[in-house]
Amino acid sequence: MPFEHIRPPHPELDAHYCGPLLEIESHIICQHRQIESWFRSQWLQHPAPFYASVDLRNAGFKLAPVDTNLFPAGFNNLNHIFDPLMVQAIQAAVEHSCPEAHDVLIIPERHTRNLFYLESLAALVDFVEMAGFGVRIGSLEPIDEPVHFDLPSGRRLTQHPICRVGQRIEVDGFSPCTILLNNDLSGGRIPILDDLEQTVIPPAELGWWNRSKSDHFTIYQQLVRELCAVIELDPWLLMPLMRDCGQIDFLKREGEACLEQQVRELLAEIQGKYDAHGIREKPFVVIKADAGTYGMGVMTAQSAEEVTQLNRKQRTRMQASKEGLGINRVLIQEGIHSFEKVAIDDSGEKFVAEPVIYMVDHFVVGGFYRVHTKKGVNESLNSPGASFVPLPFNEACSLPSPSASPDSERNRLYVYGVVARLALLAAAYEHQEIQAKAAPATADQPVGREVIA
């Protein structure tokens, strides 16, 4: 798997906001003992999901997550300096689910012709194999024999037809105790995963059919307030404000008045924070599907009137999500400017970027910058045309270096990791709440949407 690692250029931050960011970083680094003690007590009561990726935005005057994916892709974009951390974390995470595990069956997304995703899947297979486990990939597609993919990286990936045998899933007699799910279930529950005696990690109930971003960020806000009370930091510096408007239909223009009002109120609240902190940027909000990934169903607005003046094409785009499902609920989130810039080639020209942090169990294991040459500091970068640059740091940074500058490589990534782990912890709380609310489904009490595998 390893190939020659080329050290990417270091990111740069808009000079106007280096000062505020240094204050935030300095405070977190000085309080790192209290922070780590708080996290340790939290993980004992709220075990982390198997893995996750968290999209961050660094405005300089604040640093906050904007999305948390519990079935991440993009493993092929990680910095290989972090490979040992990844392998050790996978070993620990699998042992937690099945202490005697020797093998792992991976269930991937359905869009198996997407080369970018297949490269990520191949990298994930390599990581699990390096952790000492046998690996097979079982396809949810209706195939009768193994399908092989020769990838641009030189890897060869094979997906096998899966079958249900009693309460187990097998591929060609390969029937491990652990199933690693790398499918976010945006299309709904998959019955073949129900009532298995094998351990499915992450559990299927954490798929987007059963999660919402509004629930996730509500929990995230509560956790940030709790931690910031311990370390005496303004929680707004680490979290996006938000609103939730209930049901909406962009094509029929149902729920539009509520959306307009909530956008107006949120923009006013953000402006109040900007005024209090002496920030001269213009506030904006991001309106996004309350469930799902891939950057679909996302728009930005700097005024309430913008959400009522969408043309037919824009409304159609806001109504569509992954796997062709419609969007009937949105999250209205404070827009976080991204004032970090990263180069993507030897020209040295730098473009707007946002860090994406990866975790396995509760360990930070790397990440990359999502960079877009056509987007501005107040636009979503998770869209076609984005490039990916491995985090340009020379060493793993699970702990800070108090003697170094707050914006040193080690300390910058440590601060990223604190914010990302807060989002991961929010997902752990989510899972426990979902488990507490779960009840056996009956004929007149369905549990979510279902699809046929």
# chains A, B, ... in the order shown; residues from 1 in each chain; ligands from 1

call {"tool": "residues_around", "arguments": {"residues": "Ile219 in chain A", "least_positions_apart": "2", "cutoff": "8 Å", "atoms": "only C-alpha atoms", "output": "PDB file with all heavy atoms, in the first residue's frame"}}
result
ATOM      1  N   ASP A 215     -30.278  16.872  15.283  1.00  0.00           N
ATOM      2  CA  ASP A 215     -30.082  16.180  16.565  1.00  0.00           C
ATOM      3  C   ASP A 215     -28.602  16.154  16.934  1.00  0.00           C
ATOM      4  O   ASP A 215     -28.224  16.401  18.085  1.00  0.00           O
ATOM      5  CB  ASP A 215     -30.612  14.744  16.488  1.00  0.00           C
ATOM      6  CG  ASP A 215     -32.123  14.676  16.504  1.00  0.00           C
ATOM      7  OD1 ASP A 215     -32.763  15.693  16.831  1.00  0.00           O
ATOM      8  OD2 ASP A 215     -32.666  13.610  16.169  1.00  0.00           O
ATOM      9  N   HIS A 216     -27.757  15.842  15.942  1.00  0.00           N
ATOM     10  CA  HIS A 216     -26.318  15.745  16.205  1.00  0.00           C
ATOM     11  C   HIS A 216     -25.765  17.067  16.721  1.00  0.00           C
ATOM     12  O   HIS A 216     -25.051  17.100  17.734  1.00  0.00           O
ATOM     13  CB  HIS A 216     -25.591  15.343  14.921  1.00  0.00           C
ATOM     14  CG  HIS A 216     -24.100  15.378  15.044  1.00  0.00           C
ATOM     15  ND1 HIS A 216     -23.384  14.391  15.692  1.00  0.00           N
ATOM     16  CD2 HIS A 216     -23.179  16.293  14.620  1.00  0.00           C
ATOM     17  CE1 HIS A 216     -22.092  14.691  15.657  1.00  0.00           C
ATOM     18  NE2 HIS A 216     -21.943  15.838  15.010  1.00  0.00           N
ATOM     19  N   PHE A 217     -26.106  18.168  16.050  1.00  0.00           N
ATOM     20  CA  PHE A 217     -25.528  19.442  16.450  1.00  0.00           C
ATOM     21  C   PHE A 217     -26.170  20.014  17.710  1.00  0.00           C
ATOM     22  O   PHE A 217     -25.554  20.820  18.411  1.00  0.00           O
ATOM     23  CB  PHE A 217     -25.579  20.441  15.290  1.00  0.00           C
ATOM     24  CG  PHE A 217     -24.470  20.230  14.296  1.00  0.00           C
ATOM     25  CD1 PHE A 217     -24.704  19.568  13.098  1.00  0.00           C
ATOM     26  CD2 PHE A 217     -23.183  20.650  14.581  1.00  0.00           C
ATOM     27  CE1 PHE A 217     -23.672  19.351  12.196  1.00  0.00           C
ATOM     28  CE2 PHE A 217     -22.143  20.433  13.686  1.00  0.00           C
ATOM     29  CZ  PHE A 217     -22.381  19.787  12.492  1.00  0.00           C
ATOM     30  N   GLN A 221     -23.691  21.078  20.633  1.00  0.00           N
ATOM     31  CA  GLN A 221     -23.726  22.358  21.330  1.00  0.00           C
ATOM     32  C   GLN A 221     -23.734  22.165  22.842  1.00  0.00           C
ATOM     33  O   GLN A 221     -23.043  22.891  23.581  1.00  0.00           O
ATOM     34  CB  GLN A 221     -24.951  23.166  20.894  1.00  0.00           C
ATOM     35  CG  GLN A 221     -24.871  23.705  19.477  1.00  0.00           C
ATOM     36  CD  GLN A 221     -26.074  24.549  19.113  1.00  0.00           C
ATOM     37  OE1 GLN A 221     -27.143  24.433  19.720  1.00  0.00           O
ATOM     38  NE2 GLN A 221     -25.925  25.415  18.123  1.00  0.00           N
ATOM     39  N   GLN A 222     -24.496  21.188  23.318  1.00  0.00           N
ATOM     40  CA  GLN A 222     -24.545  20.924  24.760  1.00  0.00           C
ATOM     41  C   GLN A 222     -23.174  20.519  25.298  1.00  0.00           C
ATOM     42  O   GLN A 222     -22.748  20.972  26.365  1.00  0.00           O
ATOM     43  CB  GLN A 222     -25.579  19.833  25.049  1.00  0.00           C
ATOM     44  CG  GLN A 222     -27.013  20.235  24.718  1.00  0.00           C
ATOM     45  CD  GLN A 222     -27.973  19.055  24.735  1.00  0.00           C
ATOM     46  OE1 GLN A 222     -27.574  17.902  24.814  1.00  0.00           O
ATOM     47  NE2 GLN A 222     -29.262  19.342  24.632  1.00  0.00           N
ATOM     48  N   LEU A 223     -22.468  19.669  24.545  1.00  0.00           N
ATOM     49  CA  LEU A 223     -21.149  19.207  24.977  1.00  0.00           C
ATOM     50  C   LEU A 223     -20.132  20.344  24.956  1.00  0.00           C
ATOM     51  O   LEU A 223     -19.279  20.438  25.850  1.00  0.00           O
ATOM     52  CB  LEU A 223     -20.683  18.053  24.091  1.00  0.00           C
ATOM     53  CG  LEU A 223     -21.459  16.745  24.256  1.00  0.00           C
ATOM     54  CD1 LEU A 223     -21.050  15.741  23.183  1.00  0.00           C
ATOM     55  CD2 LEU A 223     -21.215  16.154  25.645  1.00  0.00           C
ATOM     56  N   ALA A 426     -20.371  13.686  20.395  1.00  0.00           N
ATOM     57  CA  ALA A 426     -21.790  13.945  20.148  1.00  0.00           C
ATOM     58  C   ALA A 426     -22.436  12.762  19.434  1.00  0.00           C
ATOM     59  O   ALA A 426     -23.580  12.382  19.732  1.00  0.00           O
ATOM     60  CB  ALA A 426     -21.952  15.217  19.319  1.00  0.00           C
ATOM     61  N   TYR A 429     -23.113  10.048  21.975  1.00  0.00           N
ATOM     62  CA  TYR A 429     -24.353  10.351  22.695  1.00  0.00           C
ATOM     63  C   TYR A 429     -25.566  10.024  21.827  1.00  0.00           C
ATOM     64  O   TYR A 429     -26.566   9.473  22.309  1.00  0.00           O
ATOM     65  CB  TYR A 429     -24.389  11.827  23.077  1.00  0.00           C
ATOM     66  CG  TYR A 429     -23.758  12.178  24.397  1.00  0.00           C
ATOM     67  CD1 TYR A 429     -22.380  12.191  24.556  1.00  0.00           C
ATOM     68  CD2 TYR A 429     -24.544  12.524  25.494  1.00  0.00           C
ATOM     69  CE1 TYR A 429     -21.792  12.551  25.763  1.00  0.00           C
ATOM     70  CE2 TYR A 429     -23.980  12.868  26.707  1.00  0.00           C
ATOM     71  CZ  TYR A 429     -22.598  12.886  26.839  1.00  0.00           C
ATOM     72  OH  TYR A 429     -22.036  13.220  28.052  1.00  0.00           O
ATOM     73  N   GLU A 430     -25.498  10.406  20.553  1.00  0.00           N
ATOM     74  CA  GLU A 430     -26.582  10.094  19.620  1.00  0.00           C
ATOM     75  C   GLU A 430     -26.914   8.605  19.638  1.00  0.00           C
ATOM     76  O   GLU A 430     -28.084   8.208  19.704  1.00  0.00           O
ATOM     77  CB  GLU A 430     -26.171  10.451  18.191  1.00  0.00           C
ATOM     78  CG  GLU A 430     -26.442  11.843  17.728  1.00  0.00           C
ATOM     79  CD  GLU A 430     -26.087  11.962  16.255  1.00  0.00           C
ATOM     80  OE1 GLU A 430     -24.904  12.204  15.953  1.00  0.00           O
ATOM     81  OE2 GLU A 430     -26.985  11.787  15.412  1.00  0.00           O
TER      82      GLU A 430
END

call {"tool": "residues_around", "arguments": {"residues": "Tyr17 in chain A", "least_positions_apart": "2", "cutoff": "9 Å", "atoms": "only C-alpha atoms", "output": "PyMOL selection string"}}
result
chain A and resi 13-15+19-22+59-61+339

call {"tool": "closest_atom_pairs", "arguments": {"of": "range 396-437 of chain A", "to": "range 25-42 of chain A", "cutoff": "9 Å", "atoms": "only C-alpha atoms", "output": "tab-separated table"}}
result
residue	atom	partner	partner_atom	distance
A:Leu399	CA	A:His32	CA	8.2
A:Pro400	CA	A:Ile29	CA	6.4
A:Ser401	CA	A:Ile29	CA	7.8
A:Pro402	CA	A:Ile29	CA	6.4
A:Ser405	CA	A:Ser26	CA	8.5
A:Pro406	CA	A:Ser26	CA	5.4
A:Asp407	CA	A:Glu25	CA	7.2
A:Asn411	CA	A:Ile29	CA	7.3
A:Arg412	CA	A:Glu25	CA	7.3
A:Tyr414	CA	A:Ile29	CA	8.2
A:Val415	CA	A:Glu25	CA	6.4
A:Val418	CA	A:Ile35	CA	8.2
A:Arg421	CA	A:Phe39	CA	8.5
A:Leu422	CA	A:Phe39	CA	8.6
A:Leu425	CA	A:Gln42	CA	7.8

call {"tool": "residues_around", "arguments": {"residues": "His337 in chain A", "least_positions_apart": "3", "cutoff": "7 Å", "atoms": "only C-alpha atoms", "output": "list in words"}}
result
Arg57, Asn58, Ala59, Val377 and Asn378 of chain A

call {"tool": "residues_around", "arguments": {"residues": "Pro47 in chain A", "least_positions_apart": "2", "cutoff": "10 Å", "atoms": "only C-alpha atoms", "output": "list in words"}}
result
Gln42, Trp43, Leu44, Gln45, Pro49, Phe50, His96, Asp361, His362, Leu424, Leu425, Ala427, Ala428, Tyr429, His431 and Gln432 of chain A

call {"tool": "closest_residue", "arguments": {"among": "A:Val352, A:Ile169, A:Ala64, A:Cys98", "to": "Tyr416 in chain A", "atoms": "only C-alpha atoms"}}
result
A:Ala64

call {"tool": "residues_around", "arguments": {"residues": "Ile336 in chain A", "least_positions_apart": "5", "cutoff": "12 Å", "atoms": "only C-alpha atoms", "output": "number ranges by chain"}}
result
A: 55-67, 236-242, 270, 274, 281-286, 300, 354, 376-381

call {"tool": "select_by_dssp", "arguments": {"residues": "range 216-446 of chain A", "states": "alpha helix (DSSP H)", "output": "number ranges by chain"}}
result
A: 216-231, 256-277, 312-319, 409-437

call {"tool": "write_last_selection", "arguments": {"atoms": "C-alpha atoms", "output": "short mmCIF file (atom, residue, chain, number, x, y, z; two decimals), in the first residue's frame"}}
result
data_model
loop_
_atom_site.label_atom_id
_atom_site.label_comp_id
_atom_site.auth_asym_id
_atom_site.auth_seq_id
_atom_site.Cartn_x
_atom_site.Cartn_y
_atom_site.Cartn_z
CA HIS A 216 -26.32 15.75 16.20
CA PHE A 217 -25.53 19.44 16.45
CA THR A 218 -27.97 19.97 19.31
CA ILE A 219 -25.99 17.41 21.30
CA TYR A 220 -22.72 18.92 20.05
CA GLN A 221 -23.73 22.36 21.33
CA GLN A 222 -24.55 20.92 24.76
CA LEU A 223 -21.15 19.21 24.98
CA VAL A 224 -19.28 22.32 23.87
CA ARG A 225 -21.01 24.38 26.53
CA GLU A 226 -20.09 21.76 29.14
CA LEU A 227 -16.41 21.62 28.15
CA CYS A 228 -16.13 25.39 27.73
CA ALA A 229 -17.52 25.88 31.24
CA VAL A 230 -14.62 23.73 32.48
CA ILE A 231 -11.93 25.58 30.52
CA GLU A 256 -40.98 28.64 2.83
CA ALA A 257 -42.28 31.27 5.26
CA CYS A 258 -40.83 29.41 8.22
CA LEU A 259 -37.50 28.99 6.43
CA GLU A 260 -37.34 32.69 5.60
CA GLN A 261 -38.10 33.69 9.19
CA GLN A 262 -35.55 31.28 10.68
CA VAL A 263 -32.85 32.47 8.27
CA ARG A 264 -33.58 36.09 9.20
CA GLU A 265 -33.39 35.35 12.94
CA LEU A 266 -30.21 33.30 12.64
CA LEU A 267 -28.46 35.98 10.57
CA ALA A 268 -29.38 38.55 13.22
CA GLU A 269 -28.01 36.31 15.98
CA ILE A 270 -24.75 35.80 14.07
CA GLN A 271 -24.45 39.54 13.46
CA GLY A 272 -24.83 40.11 17.21
CA LYS A 273 -21.92 37.74 17.85
CA TYR A 274 -19.84 39.45 15.15
CA ASP A 275 -20.51 42.85 16.70
CA ALA A 276 -19.56 41.58 20.16
CA HIS A 277 -16.26 40.14 18.87
CA ARG A 312 -36.85 26.28 -10.63
CA LYS A 313 -33.38 24.78 -11.20
CA GLN A 314 -32.20 25.82 -7.73
CA ARG A 315 -35.33 24.42 -6.09
CA THR A 316 -34.91 21.14 -7.92
CA ARG A 317 -31.30 20.91 -6.77
CA MET A 318 -32.31 21.57 -3.15
CA GLN A 319 -34.95 18.84 -3.37
CA GLU A 409 2.05 22.00 13.24
CA ARG A 410 1.67 19.87 16.33
CA ASN A 411 -0.48 22.34 18.22
CA ARG A 412 -2.68 23.27 15.25
CA LEU A 413 -3.58 19.63 14.65
CA TYR A 414 -4.13 19.05 18.36
CA VAL A 415 -6.70 21.85 18.42
CA TYR A 416 -8.35 20.40 15.30
CA GLY A 417 -8.46 17.07 17.10
CA VAL A 418 -10.15 18.54 20.18
CA VAL A 419 -12.98 19.98 18.08
CA ALA A 420 -13.30 16.82 15.97
CA ARG A 421 -13.44 14.62 19.08
CA LEU A 422 -16.23 16.79 20.46
CA ALA A 423 -18.21 15.99 17.31
CA LEU A 424 -17.33 12.31 17.68
CA LEU A 425 -18.52 12.39 21.29
CA ALA A 426 -21.79 13.94 20.15
CA ALA A 427 -22.22 10.96 17.81
CA ALA A 428 -21.58 8.60 20.75
CA TYR A 429 -24.35 10.35 22.70
CA GLU A 430 -26.58 10.09 19.62
CA HIS A 431 -26.08 6.34 19.48
CA GLN A 432 -27.00 5.88 23.12
CA GLU A 433 -30.11 8.01 22.69
CA ILE A 434 -31.12 6.00 19.61
CA GLN A 435 -30.65 2.77 21.56
CA ALA A 436 -32.73 4.12 24.46
CA LYS A 437 -35.59 5.11 22.14
#

call {"tool": "residues_around", "arguments": {"residues": "Phe75 in chain A", "least_positions_apart": "2", "cutoff": "7 Å", "atoms": "only C-alpha atoms", "output": "PDB file with N, CA, C and O atoms, in the first residue's frame"}}
result
ATOM      1  N   ALA A  73     -15.581   7.902   3.773  1.00  0.00           N
ATOM      2  CA  ALA A  73     -14.736   7.495   2.654  1.00  0.00           C
ATOM      3  C   ALA A  73     -13.532   8.432   2.654  1.00  0.00           C
ATOM      4  O   ALA A  73     -13.355   9.227   3.573  1.00  0.00           O
ATOM      5  N   ASN A  77      -6.864   9.459   0.777  1.00  0.00           N
ATOM      6  CA  ASN A  77      -6.332  10.821   0.774  1.00  0.00           C
ATOM      7  C   ASN A  77      -5.553  11.160   2.041  1.00  0.00           C
ATOM      8  O   ASN A  77      -5.127  12.307   2.215  1.00  0.00           O
ATOM      9  N   LEU A  78      -5.356  10.186   2.926  1.00  0.00           N
ATOM     10  CA  LEU A  78      -4.715  10.469   4.208  1.00  0.00           C
ATOM     11  C   LEU A  78      -3.199  10.514   4.076  1.00  0.00           C
ATOM     12  O   LEU A  78      -2.601   9.879   3.205  1.00  0.00           O
ATOM     13  N   SER A 120     -10.751   4.638  -2.060  1.00  0.00           N
ATOM     14  CA  SER A 120     -10.887   4.748  -0.605  1.00  0.00           C
ATOM     15  C   SER A 120     -11.120   3.381   0.022  1.00  0.00           C
ATOM     16  O   SER A 120     -10.529   3.036   1.053  1.00  0.00           O
ATOM     17  N   ALA A 123      -7.956   1.413   0.123  1.00  0.00           N
ATOM     18  CA  ALA A 123      -7.087   1.881   1.201  1.00  0.00           C
ATOM     19  C   ALA A 123      -7.573   1.368   2.554  1.00  0.00           C
ATOM     20  O   ALA A 123      -6.770   0.968   3.410  1.00  0.00           O
ATOM     21  N   LEU A 124      -8.890   1.355   2.759  1.00  0.00           N
ATOM     22  CA  LEU A 124      -9.441   0.829   4.007  1.00  0.00           C
ATOM     23  C   LEU A 124      -9.114  -0.652   4.169  1.00  0.00           C
ATOM     24  O   LEU A 124      -8.742  -1.107   5.262  1.00  0.00           O
TER      25      LEU A 124
END

call {"tool": "residues_around", "arguments": {"residues": "Leu140 in chain A", "least_positions_apart": "2", "cutoff": "9 Å", "atoms": "only C-alpha atoms", "output": "list in words"}}
result
Ile107, Pro108, Glu109, Arg110, Gly138, Pro142, Ile143, His160, Pro161, Ile162 and Ala453 of chain A

call {"tool": "write_last_selection", "arguments": {"atoms": "N, CA and C atoms", "output": "PDB file, in the first residue's frame"}}
result
ATOM      1  N   ILE A 107     -18.848  -4.167   4.256  1.00  0.00           N
ATOM      2  CA  ILE A 107     -20.026  -3.940   3.409  1.00  0.00           C
ATOM      3  C   ILE A 107     -19.950  -2.506   2.910  1.00  0.00           C
ATOM      4  N   PRO A 108     -19.671  -2.299   1.608  1.00  0.00           N
ATOM      5  CA  PRO A 108     -19.455  -0.945   1.085  1.00  0.00           C
ATOM      6  C   PRO A 108     -20.729  -0.287   0.561  1.00  0.00           C
ATOM      7  N   GLU A 109     -20.546   0.920   0.048  1.00  0.00           N
ATOM      8  CA  GLU A 109     -21.625   1.624  -0.642  1.00  0.00           C
ATOM      9  C   GLU A 109     -22.019   0.854  -1.899  1.00  0.00           C
ATOM     10  N   ARG A 110     -23.180   1.183  -2.439  1.00  0.00           N
ATOM     11  CA  ARG A 110     -23.667   0.501  -3.627  1.00  0.00           C
ATOM     12  C   ARG A 110     -23.025   1.027  -4.907  1.00  0.00           C
ATOM     13  N   GLY A 138     -18.020  -7.621   0.771  1.00  0.00           N
ATOM     14  CA  GLY A 138     -19.277  -8.193   0.336  1.00  0.00           C
ATOM     15  C   GLY A 138     -20.148  -7.140  -0.320  1.00  0.00           C
ATOM     16  N   PRO A 142     -26.809  -6.926  -6.751  1.00  0.00           N
ATOM     17  CA  PRO A 142     -27.274  -8.278  -7.107  1.00  0.00           C
ATOM     18  C   PRO A 142     -26.294  -8.969  -8.064  1.00  0.00           C
ATOM     19  N   ILE A 143     -25.144  -9.387  -7.550  1.00  0.00           N
ATOM     20  CA  ILE A 143     -24.147 -10.068  -8.383  1.00  0.00           C
ATOM     21  C   ILE A 143     -24.115 -11.548  -8.036  1.00  0.00           C
ATOM     22  N   HIS A 160     -17.441  -9.447  -3.472  1.00  0.00           N
ATOM     23  CA  HIS A 160     -18.071 -10.767  -3.528  1.00  0.00           C
ATOM     24  C   HIS A 160     -19.571 -10.668  -3.282  1.00  0.00           C
ATOM     25  N   PRO A 161     -20.354 -11.553  -3.903  1.00  0.00           N
ATOM     26  CA  PRO A 161     -21.782 -11.611  -3.565  1.00  0.00           C
ATOM     27  C   PRO A 161     -21.955 -12.103  -2.136  1.00  0.00           C
ATOM     28  N   ILE A 162     -22.869 -11.492  -1.403  1.00  0.00           N
ATOM     29  CA  ILE A 162     -23.106 -11.907  -0.023  1.00  0.00           C
ATOM     30  C   ILE A 162     -24.380 -12.738   0.047  1.00  0.00           C
ATOM     31  N   ALA A 453     -32.479  -5.474  -0.264  1.00  0.00           N
ATOM     32  CA  ALA A 453     -31.085  -5.743  -0.680  1.00  0.00           C
ATOM     33  C   ALA A 453     -31.094  -6.780  -1.775  1.00  0.00           C
TER      34      ALA A 453
END

call {"tool": "closest_residue", "arguments": {"among": "A:Val371, A:Ala122, A:Met359, A:Val307", "to": "Ser338 in chain A", "atoms": "only C-alpha atoms"}}
result
A:Val371

call {"tool": "select_by_dssp", "arguments": {"residues": "range 76-163 of chain A", "states": "strand (DSSP E)", "output": "list in words"}}
result
Asp103, Val104, Leu105, Ile106, Ile107, Pro108, Gly134, Val135, Arg136, Ile137, Gly138, Ser139, Val147, His148, Phe149, Asp150, Arg156, Leu157, Thr158, Gln159, His160, Pro161 and Cys163 of chain A

call {"tool": "write_last_selection", "arguments": {"atoms": "N, CA and C atoms", "output": "PDB file, in the first residue's frame"}}
result
ATOM      1  N   ASP A 103     -10.982 -12.037  11.402  1.00  0.00           N
ATOM      2  CA  ASP A 103     -11.356 -11.588  10.062  1.00  0.00           C
ATOM      3  C   ASP A 103     -12.419 -10.500  10.145  1.00  0.00           C
ATOM      4  N   VAL A 104     -12.530  -9.714   9.073  1.00  0.00           N
ATOM      5  CA  VAL A 104     -13.508  -8.633   8.988  1.00  0.00           C
ATOM      6  C   VAL A 104     -14.146  -8.654   7.601  1.00  0.00           C
ATOM      7  N   LEU A 105     -15.465  -8.575   7.567  1.00  0.00           N
ATOM      8  CA  LEU A 105     -16.202  -8.457   6.306  1.00  0.00           C
ATOM      9  C   LEU A 105     -16.650  -7.014   6.153  1.00  0.00           C
ATOM     10  N   ILE A 106     -16.259  -6.368   5.058  1.00  0.00           N
ATOM     11  CA  ILE A 106     -16.626  -4.974   4.803  1.00  0.00           C
ATOM     12  C   ILE A 106     -17.826  -4.928   3.863  1.00  0.00           C
ATOM     13  N   ILE A 107     -18.848  -4.167   4.256  1.00  0.00           N
ATOM     14  CA  ILE A 107     -20.026  -3.940   3.409  1.00  0.00           C
ATOM     15  C   ILE A 107     -19.950  -2.506   2.910  1.00  0.00           C
ATOM     16  N   PRO A 108     -19.671  -2.299   1.608  1.00  0.00           N
ATOM     17  CA  PRO A 108     -19.455  -0.945   1.085  1.00  0.00           C
ATOM     18  C   PRO A 108     -20.729  -0.287   0.561  1.00  0.00           C
ATOM     19  N   GLY A 134      -7.912 -10.788   8.399  1.00  0.00           N
ATOM     20  CA  GLY A 134      -8.313 -11.171   7.063  1.00  0.00           C
ATOM     21  C   GLY A 134      -9.507 -10.337   6.637  1.00  0.00           C
ATOM     22  N   VAL A 135      -9.586  -9.998   5.354  1.00  0.00           N
ATOM     23  CA  VAL A 135     -10.626  -9.080   4.890  1.00  0.00           C
ATOM     24  C   VAL A 135     -11.266  -9.594   3.612  1.00  0.00           C
ATOM     25  N   ARG A 136     -12.581  -9.474   3.534  1.00  0.00           N
ATOM     26  CA  ARG A 136     -13.314  -9.648   2.289  1.00  0.00           C
ATOM     27  C   ARG A 136     -14.285  -8.476   2.157  1.00  0.00           C
ATOM     28  N   ILE A 137     -14.658  -8.189   0.914  1.00  0.00           N
ATOM     29  CA  ILE A 137     -15.661  -7.149   0.651  1.00  0.00           C
ATOM     30  C   ILE A 137     -16.905  -7.830   0.110  1.00  0.00           C
ATOM     31  N   GLY A 138     -18.020  -7.621   0.771  1.00  0.00           N
ATOM     32  CA  GLY A 138     -19.277  -8.193   0.336  1.00  0.00           C
ATOM     33  C   GLY A 138     -20.148  -7.140  -0.320  1.00  0.00           C
ATOM     34  N   SER A 139     -20.614  -7.391  -1.528  1.00  0.00           N
ATOM     35  CA  SER A 139     -21.377  -6.398  -2.276  1.00  0.00           C
ATOM     36  C   SER A 139     -22.877  -6.513  -2.007  1.00  0.00           C
ATOM     37  N   VAL A 147     -16.651  -9.673  -8.526  1.00  0.00           N
ATOM     38  CA  VAL A 147     -16.401  -8.617  -9.510  1.00  0.00           C
ATOM     39  C   VAL A 147     -15.067  -7.973  -9.159  1.00  0.00           C
ATOM     40  N   HIS A 148     -14.189  -7.847 -10.150  1.00  0.00           N
ATOM     41  CA  HIS A 148     -12.848  -7.317  -9.927  1.00  0.00           C
ATOM     42  C   HIS A 148     -12.735  -5.911 -10.508  1.00  0.00           C
ATOM     43  N   PHE A 149     -11.995  -5.050  -9.799  1.00  0.00           N
ATOM     44  CA  PHE A 149     -11.768  -3.685 -10.256  1.00  0.00           C
ATOM     45  C   PHE A 149     -10.267  -3.417 -10.236  1.00  0.00           C
ATOM     46  N   ASP A 150      -9.716  -3.051 -11.375  1.00  0.00           N
ATOM     47  CA  ASP A 150      -8.317  -2.620 -11.456  1.00  0.00           C
ATOM     48  C   ASP A 150      -8.308  -1.098 -11.363  1.00  0.00           C
ATOM     49  N   ARG A 156      -5.859  -3.874  -6.914  1.00  0.00           N
ATOM     50  CA  ARG A 156      -6.966  -4.658  -7.501  1.00  0.00           C
ATOM     51  C   ARG A 156      -7.944  -4.971  -6.377  1.00  0.00           C
ATOM     52  N   LEU A 157      -9.189  -4.605  -6.601  1.00  0.00           N
ATOM     53  CA  LEU A 157     -10.220  -4.761  -5.580  1.00  0.00           C
ATOM     54  C   LEU A 157     -11.230  -5.797  -6.056  1.00  0.00           C
ATOM     55  N   THR A 158     -11.642  -6.686  -5.160  1.00  0.00           N
ATOM     56  CA  THR A 158     -12.632  -7.713  -5.499  1.00  0.00           C
ATOM     57  C   THR A 158     -13.810  -7.615  -4.555  1.00  0.00           C
ATOM     58  N   GLN A 159     -15.011  -7.543  -5.115  1.00  0.00           N
ATOM     59  CA  GLN A 159     -16.226  -7.549  -4.323  1.00  0.00           C
ATOM     60  C   GLN A 159     -16.966  -8.860  -4.564  1.00  0.00           C
ATOM     61  N   HIS A 160     -17.441  -9.447  -3.472  1.00  0.00           N
ATOM     62  CA  HIS A 160     -18.071 -10.767  -3.528  1.00  0.00           C
ATOM     63  C   HIS A 160     -19.571 -10.668  -3.282  1.00  0.00           C
ATOM     64  N   PRO A 161     -20.354 -11.553  -3.903  1.00  0.00           N
ATOM     65  CA  PRO A 161     -21.782 -11.611  -3.565  1.00  0.00           C
ATOM     66  C   PRO A 161     -21.955 -12.103  -2.136  1.00  0.00           C
ATOM     67  N   CYS A 163     -24.450 -13.568   1.069  1.00  0.00           N
ATOM     68  CA  CYS A 163     -25.665 -14.348   1.297  1.00  0.00           C
ATOM     69  C   CYS A 163     -25.942 -14.404   2.787  1.00  0.00           C
TER      70      CYS A 163
END

call {"tool": "closest_residue", "arguments": {"among": "A:Val389, A:Val165, A:Val365, A:Leu331", "to": "Asp345 in chain A", "atoms": "only C-alpha atoms"}}
result
A:Val389

call {"tool": "closest_residue", "arguments": {"among": "A:Ile287, A:Leu391, A:Ile201, A:Leu185", "to": "Asn79 in chain A", "atoms": "only C-alpha atoms"}}
result
A:Leu391

call {"tool": "atom_distance", "arguments": {"atom1": "CA of Ala131 in chain A", "atom2": "CA of Thr68 in chain A"}}
result
24.8 Å

call {"tool": "closest_residue", "arguments": {"among": "A:Gly292, A:Pro202, A:Gly154, A:Pro11", "to": "Gly188 in chain A", "atoms": "only C-alpha atoms"}}
result
A:Gly292
